[in-house]
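For reference, the structure discussed in these notes is given below.
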Amino acid sequence: MKGRGLRLDDRDLKILAILQREGRITKAELAKRVNLSATPCWARLQRLEEAGIIKSYGARIAFKHLTPHTYVFVTIELESHRSEDFQRFEEIVASIPEIFECFAVGGGIDYIVKIMAQDVDNYQALVDGLLSSDAGVKRYWTYFVTKPVKEEPPPLFPALHPTE
């Protein structure tokens with residue numbers, strides 16, 4: 001399998017799958033789990049990082065233990081559909097820290113954004129600011145998350161080996 005010009009084998013894919021779920025695993029344990037000695041495992045890891053396949057390492061935080069919050073999905077339709085309108089909207093969204101995911105989509109709406117707000121009032125203030133900005137929002141639809149059901153990273157192997 002090729003990844004950004006890099007040839008990946010099953011061990012590389014296994015390294016990626018393990019790191020995706022267990023980012024704090026020790027290099028020794030990772031090497032053991034992929035049946036390699038530490039040095040070749042470390043070399044593969046560096047190669048995957050240098051190729052940009054591994055973007056970063058991080059922790060998944062349980063915000064419910066830190067602060068009151070609510071997740072909100074918002075679908076957005078823009079007023080105009082010129083290239084500069086999309087670019088302006090995306091630049092504005094990138095500057096709003098509460099919007100932590102944004103996807104351009106097809107099928108009748110232009111974007112889906114995921115927001116973490118302290119409460120409904122904070123969410124509404126964010127939307128009011130977005131509407132009064134130069135973002136070009138024509139319409140939006142709000143979906144408050146009542147309960148997260150599944151929160152995991154995307155599956156690596158099914159994405160790489162789709163069923164036929």
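If you're wondering about the labels, chains in the structure tokens are A, B, ... by order shown, residues count from 1 in each chain, ligands from 1 in order shown.
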Long-range neighbours of Thr146 in chain A as a PyMOL selection string, 12 Å cut-off, only C-alpha atoms, 4 positions minimum in chain
chain A and resi 69-73
Name the residues in contact with range 111-126 of chain A at a cut-off of 7 Å, using only C-alpha atoms, excluding same-chain residues fewer than 6 positions from it; report them as a PyMOL selection string.
chain A and resi 68-77+98-105
Just the strand (DSSP E) stuff from range 63-158 of chain A, please, per backbone DSSP, written as an NGL selection string.
:A and (70-78 or 99-104 or 111-117 or 137-144)
Pull C-alpha atoms from the residues just selected and write them as a compact mmCIF listing (two decimals), in the first residue's frame.
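Written file, result.txt:
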```
# COMPACT_ATOMS: atom_id res chain seq x y z
CA THR A 70 -22.49 21.17 25.26
CA TYR A 71 -21.62 19.91 21.80
CA VAL A 72 -23.51 21.35 18.88
CA PHE A 73 -23.53 20.33 15.24
CA VAL A 74 -24.50 23.10 12.86
CA THR A 75 -25.19 22.79 9.15
CA ILE A 76 -24.56 25.97 7.23
CA GLU A 77 -25.56 27.27 3.84
CA LEU A 78 -23.71 30.27 2.43
CA ILE A 99 -15.57 25.58 16.35
CA PHE A 100 -13.22 22.63 16.52
CA GLU A 101 -14.28 20.74 13.41
CA CYS A 102 -15.56 22.05 10.09
CA PHE A 103 -16.28 20.06 6.95
CA ALA A 104 -17.18 21.35 3.48
CA TYR A 111 -20.64 23.07 5.73
CA ILE A 112 -21.08 21.01 8.87
CA VAL A 113 -19.36 22.43 11.94
CA LYS A 114 -18.90 20.95 15.39
CA ILE A 115 -18.89 23.37 18.28
CA MET A 116 -18.20 23.01 21.97
CA ALA A 117 -19.95 25.77 23.92
CA VAL A 137 -24.07 32.69 6.23
CA LYS A 138 -27.48 32.49 4.54
CA ARG A 139 -29.08 29.81 6.75
CA TYR A 140 -28.07 27.49 9.53
CA TRP A 141 -29.58 24.54 11.35
CA THR A 142 -28.64 23.63 14.91
CA TYR A 143 -28.43 20.14 16.41
CA PHE A 144 -27.65 19.90 20.12
```
How many Å separate CA of Arg24 in chain A from CA of Gly58 in chain A?
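Distance between the two atoms: 8.6 Å.
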Please return, as a PyMOL selection string, all residues of range 30-142 of chain A that DSSP assigns to helix (DSSP H, G or I) on the basis of the backbone.
chain A and resi 30-33+38-50+63-65+83-94+120-132
Deliver the residues from the most recent selection as a file, using N, CA and C atoms, as a short mmCIF file (atom, residue, chain, number, x, y, z; two decimals), in the first residue's frame.
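File produced: part.cif:
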```cif
data_model
loop_
_atom_site.label_atom_id
_atom_site.label_comp_id
_atom_site.auth_asym_id
_atom_site.auth_seq_id
_atom_site.Cartn_x
_atom_site.Cartn_y
_atom_site.Cartn_z
N LEU A 30 5.30 -0.99 21.79
CA LEU A 30 4.88 -0.93 20.39
C LEU A 30 5.68 -1.92 19.56
N ALA A 31 6.99 -1.94 19.75
CA ALA A 31 7.85 -2.87 19.01
C ALA A 31 7.44 -4.32 19.28
N LYS A 32 7.17 -4.62 20.53
CA LYS A 32 6.75 -5.98 20.91
C LYS A 32 5.44 -6.35 20.24
N ARG A 33 4.49 -5.42 20.22
CA ARG A 33 3.16 -5.71 19.65
C ARG A 33 3.17 -5.89 18.15
N ALA A 38 13.29 -2.90 18.93
CA ALA A 38 13.04 -1.47 19.15
C ALA A 38 13.59 -0.58 18.03
N THR A 39 14.81 -0.84 17.58
CA THR A 39 15.44 0.04 16.58
C THR A 39 14.68 0.06 15.25
N PRO A 40 14.35 -1.09 14.64
CA PRO A 40 13.58 -1.01 13.39
C PRO A 40 12.19 -0.43 13.58
N CYS A 41 11.59 -0.67 14.73
CA CYS A 41 10.26 -0.10 14.99
C CYS A 41 10.36 1.42 15.06
N TRP A 42 11.38 1.90 15.77
CA TRP A 42 11.61 3.35 15.89
C TRP A 42 11.86 3.97 14.51
N ALA A 43 12.63 3.28 13.67
CA ALA A 43 12.91 3.78 12.32
C ALA A 43 11.62 3.88 11.50
N ARG A 44 10.75 2.89 11.62
CA ARG A 44 9.46 2.95 10.91
C ARG A 44 8.62 4.12 11.41
N LEU A 45 8.61 4.30 12.72
CA LEU A 45 7.85 5.39 13.31
C LEU A 45 8.34 6.74 12.80
N GLN A 46 9.64 6.93 12.78
CA GLN A 46 10.22 8.18 12.27
C GLN A 46 9.87 8.38 10.80
N ARG A 47 9.93 7.31 10.02
CA ARG A 47 9.60 7.40 8.59
C ARG A 47 8.14 7.81 8.40
N LEU A 48 7.24 7.25 9.21
CA LEU A 48 5.82 7.61 9.12
C LEU A 48 5.59 9.07 9.53
N GLU A 49 6.32 9.54 10.53
CA GLU A 49 6.21 10.95 10.95
C GLU A 49 6.75 11.88 9.87
N GLU A 50 7.94 11.57 9.34
CA GLU A 50 8.56 12.42 8.32
C GLU A 50 7.73 12.49 7.04
N PHE A 63 -14.06 16.17 28.76
CA PHE A 63 -14.42 17.52 29.20
C PHE A 63 -15.51 17.53 30.27
N LYS A 64 -16.32 16.49 30.33
CA LYS A 64 -17.38 16.46 31.34
C LYS A 64 -16.80 16.51 32.75
N HIS A 65 -15.54 16.12 32.91
CA HIS A 65 -14.90 16.16 34.22
C HIS A 65 -14.24 17.51 34.50
N SER A 83 -15.65 31.21 -5.09
CA SER A 83 -14.46 30.70 -4.41
C SER A 83 -14.06 31.58 -3.24
N GLU A 84 -14.08 32.89 -3.45
CA GLU A 84 -13.68 33.81 -2.38
C GLU A 84 -14.65 33.79 -1.20
N ASP A 85 -15.92 33.44 -1.44
CA ASP A 85 -16.90 33.34 -0.35
C ASP A 85 -16.58 32.14 0.54
N PHE A 86 -16.25 31.02 -0.08
CA PHE A 86 -15.86 29.84 0.69
C PHE A 86 -14.58 30.11 1.48
N GLN A 87 -13.63 30.74 0.81
CA GLN A 87 -12.35 31.03 1.47
C GLN A 87 -12.54 31.96 2.67
N ARG A 88 -13.36 33.00 2.51
CA ARG A 88 -13.61 33.94 3.61
C ARG A 88 -14.30 33.23 4.78
N PHE A 89 -15.31 32.42 4.47
CA PHE A 89 -16.00 31.68 5.53
C PHE A 89 -15.01 30.78 6.28
N GLU A 90 -14.20 30.05 5.55
CA GLU A 90 -13.25 29.12 6.17
C GLU A 90 -12.22 29.84 7.03
N GLU A 91 -11.78 31.02 6.60
CA GLU A 91 -10.83 31.81 7.40
C GLU A 91 -11.48 32.28 8.70
N ILE A 92 -12.74 32.71 8.62
CA ILE A 92 -13.44 33.16 9.82
C ILE A 92 -13.65 31.99 10.78
N VAL A 93 -14.09 30.86 10.26
CA VAL A 93 -14.31 29.68 11.10
C VAL A 93 -13.00 29.25 11.77
N ALA A 94 -11.90 29.29 11.03
CA ALA A 94 -10.60 28.89 11.58
C ALA A 94 -10.19 29.77 12.76
N VAL A 120 -26.09 27.02 26.14
CA VAL A 120 -26.88 27.48 25.00
C VAL A 120 -26.67 28.98 24.76
N ASP A 121 -26.57 29.77 25.81
CA ASP A 121 -26.35 31.20 25.65
C ASP A 121 -25.02 31.49 24.95
N ASN A 122 -23.97 30.77 25.35
CA ASN A 122 -22.67 30.97 24.71
C ASN A 122 -22.72 30.53 23.25
N TYR A 123 -23.43 29.44 22.98
CA TYR A 123 -23.59 28.99 21.59
C TYR A 123 -24.30 30.08 20.78
N GLN A 124 -25.38 30.63 21.33
CA GLN A 124 -26.13 31.63 20.58
C GLN A 124 -25.29 32.89 20.34
N ALA A 125 -24.48 33.28 21.30
CA ALA A 125 -23.59 34.44 21.12
C ALA A 125 -22.60 34.16 19.98
N LEU A 126 -22.09 32.95 19.92
CA LEU A 126 -21.17 32.58 18.85
C LEU A 126 -21.86 32.69 17.49
N VAL A 127 -23.06 32.14 17.39
CA VAL A 127 -23.81 32.19 16.13
C VAL A 127 -24.15 33.63 15.77
N ASP A 128 -24.57 34.44 16.75
CA ASP A 128 -24.87 35.85 16.47
C ASP A 128 -23.64 36.56 15.91
N GLY A 129 -22.48 36.26 16.48
CA GLY A 129 -21.25 36.85 15.98
C GLY A 129 -20.94 36.39 14.57
N LEU A 130 -21.16 35.13 14.29
CA LEU A 130 -20.92 34.60 12.95
C LEU A 130 -21.87 35.24 11.94
N LEU A 131 -23.14 35.41 12.34
CA LEU A 131 -24.12 36.02 11.43
C LEU A 131 -23.84 37.50 11.18
N SER A 132 -23.32 38.19 12.17
CA SER A 132 -23.05 39.62 11.99
C SER A 132 -21.68 39.87 11.37
#
```
In Å to one decimal, how far is CA of Val145 in chain A from CA of Gly108 in chain A?
22.1 Å
Rows by chain and residue number, range 53-100 of chain A within 12 Å of range 5-20 of chain A, shortest pair, only C-alpha atoms, as a Markdown table:
```
| residue | atom | partner | partner_atom | distance |
| --- | --- | --- | --- | --- |
| A:Ile53 | CA | A:Leu16 | CA | 8.8 |
| A:Ile54 | CA | A:Leu16 | CA | 7.8 |
| A:Lys55 | CA | A:Gln20 | CA | 10.8 |
| A:Ser56 | CA | A:Gln20 | CA | 10.1 |
| A:Tyr57 | CA | A:Leu19 | CA | 8.5 |
| A:Gly58 | CA | A:Gln20 | CA | 9.7 |
| A:Ala59 | CA | A:Gln20 | CA | 10.6 |
| A:Arg60 | CA | A:Gln20 | CA | 11.0 |
```
Would you save the residues from that selection as a short mmCIF file (atom, residue, chain, number, x, y, z; two decimals), in the first residue's frame, using C-alpha atoms?
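What ended up in out32.cif:
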```
data_model
loop_
_atom_site.label_atom_id
_atom_site.label_comp_id
_atom_site.auth_asym_id
_atom_site.auth_seq_id
_atom_site.Cartn_x
_atom_site.Cartn_y
_atom_site.Cartn_z
CA ILE A 53 1.26 10.18 7.78
CA ILE A 54 1.39 10.67 11.55
CA LYS A 55 0.27 14.29 11.97
CA SER A 56 0.51 14.59 15.74
CA TYR A 57 0.06 12.91 19.10
CA GLY A 58 -2.51 13.98 21.64
CA ALA A 59 -4.86 13.07 24.43
CA ARG A 60 -8.62 12.70 24.19
#
```
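Between CA of Ile96 in chain A and CA of Pro153 in chain A lies a distance of 23.2 Å.
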